[in-house]
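Student: What follows is a structure written as structure tokens; I'll ask about it next.
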Amino acid sequence: MTNPNCRVVTELLLRQYNQRDLSVIDELVAEDHVDHHPLPGQQPGRAGYRQSIADVLARGNVTAEIHQSFGEDDLVATRYTITTRHNEDFMGFPTAGKTTAIHVVQINRVRDGKVAETWGESNALAVLQQLTHGDGH
């Protein structure tokens with residue numbers, strides 16, 4: 001991982017999920033961050049990004065594993081998995097104690113050492129299958 005922008009994205013993801021360190025968002029996410037695929041009701045900017053991560057962390061024991069990360073110029077592509085052991089119901093499903101794996105492919109634009117834009121896709125339907133039928137990944 002020689003691209004310094006890859007290091008920025010990797011540090012952000014691992015600290016926010018694995019260490020539950022939301023202070024990293026102030027360090028590594030631009031104030032005017034643009035999420036091109038926001039969650040429903042997500043505010044714009046760094047505040048919205050922080051709230052979306054806090055919502056994920058509130059679901060239970062969360063960890064992230066980065067499988068690949070590579071960059072060119074100011075863009076970084078990352079493929080990773082977020083594993084969550086839920087401690088409360090989720091989206092109307094009785095999920096206490098269930099574990100889900102969310103596979104994510106994300107592209108981030110890094111500006112001045114901070115994540116300025118995010119595009120991402122995940123297997124949200126598979127997560128619902130995992131919650132209702134067991135292991136869906």
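Chains: A, B, ... in order of the structure tokens. Residues: from 1 per chain. Ligands: from 1, in order shown.
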Which parts of chain A does DSSP call strand (DSSP E) when run on the backbone here, written out as a PyMOL selection string?

Tutor: chain A and resi 29-35+60-72+75-86+99-111+114-122

Student: List as a ChimeraX atom specification the protein and nucleic acid residues near range 68-85 of chain A, meaning an atom at most 9 Å away when only C-alpha atoms are counted, but skip any in the same chain fewer than 6 places from it.

Tutor: /A:1-6,9-10,17,56-57,59-62,95-111

Student: Could you write out the selected residues, including C-alpha atoms, as a tab-separated table (two decimals), in the first residue's frame?

Tutor:
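What follows is the written file out-v4.tsv:
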```tsv
chain	number	residue	atom	x	y	z
A	1	MET	CA	0.00	0.00	0.00
A	2	THR	CA	2.25	2.78	-1.26
A	3	ASN	CA	-0.45	5.30	-2.11
A	4	PRO	CA	-0.78	7.64	0.93
A	5	ASN	CA	-4.48	8.05	0.19
A	6	CYS	CA	-4.95	4.29	0.68
A	9	VAL	CA	-8.96	5.31	3.96
A	10	THR	CA	-7.63	2.17	5.68
A	17	TYR	CA	-15.24	0.13	13.10
A	56	VAL	CA	-23.85	1.03	12.48
A	57	LEU	CA	-21.84	0.80	15.70
A	59	ARG	CA	-26.24	-2.31	16.26
A	60	GLY	CA	-23.75	-4.35	18.24
A	61	ASN	CA	-20.27	-5.80	18.05
A	62	VAL	CA	-18.86	-4.50	14.74
A	95	THR	CA	-32.04	-10.20	15.44
A	96	ALA	CA	-30.61	-10.26	18.94
A	97	GLY	CA	-27.52	-12.44	18.88
A	98	LYS	CA	-27.44	-12.91	15.09
A	99	THR	CA	-24.29	-12.20	13.11
A	100	THR	CA	-24.37	-10.63	9.66
A	101	ALA	CA	-21.66	-9.90	7.12
A	102	ILE	CA	-21.98	-6.85	4.88
A	103	HIS	CA	-19.68	-6.95	1.87
A	104	VAL	CA	-18.78	-3.46	0.67
A	105	VAL	CA	-17.05	-2.02	-2.38
A	106	GLN	CA	-16.29	1.64	-1.88
A	107	ILE	CA	-14.52	4.40	-3.77
A	108	ASN	CA	-13.31	7.44	-1.86
A	109	ARG	CA	-11.86	10.70	-3.08
A	110	VAL	CA	-9.15	11.98	-0.73
A	111	ARG	CA	-8.42	15.71	-0.66
```

Student: Enter the distance from CA of Pro44 in chain A to CA of Leu131 in chain A, in Å, rounded to one decimal.

Tutor: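 Straight-line distance from CA of Pro44 in chain A to CA of Leu131 in chain A works out to 29.3 Å.
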
Student: Extract, using only C-alpha atoms, all DNA, RNA and protein residues at most 8 Å from Arg50 in chain A, discarding same-chain residues fewer than 3 positions from it, and format them as a list of chain:residue names.

Tutor: A:Leu22, A:Ile25, A:Arg46, A:Ala47, A:Ile53, A:Ala54

Student: Pull C-alpha atoms from the residues just selected and write them as a tab-separated table (two decimals), in the first residue's frame.

Tutor:
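result-v6.tsv, freshly written:
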```
chain	number	residue	atom	x	y	z
A	22	LEU	CA	-15.38	8.25	16.15
A	25	ILE	CA	-13.83	11.08	11.60
A	46	ARG	CA	-19.01	15.15	8.15
A	47	ALA	CA	-21.91	15.25	10.62
A	53	ILE	CA	-21.18	5.24	11.40
A	54	ALA	CA	-22.58	5.73	14.91
```
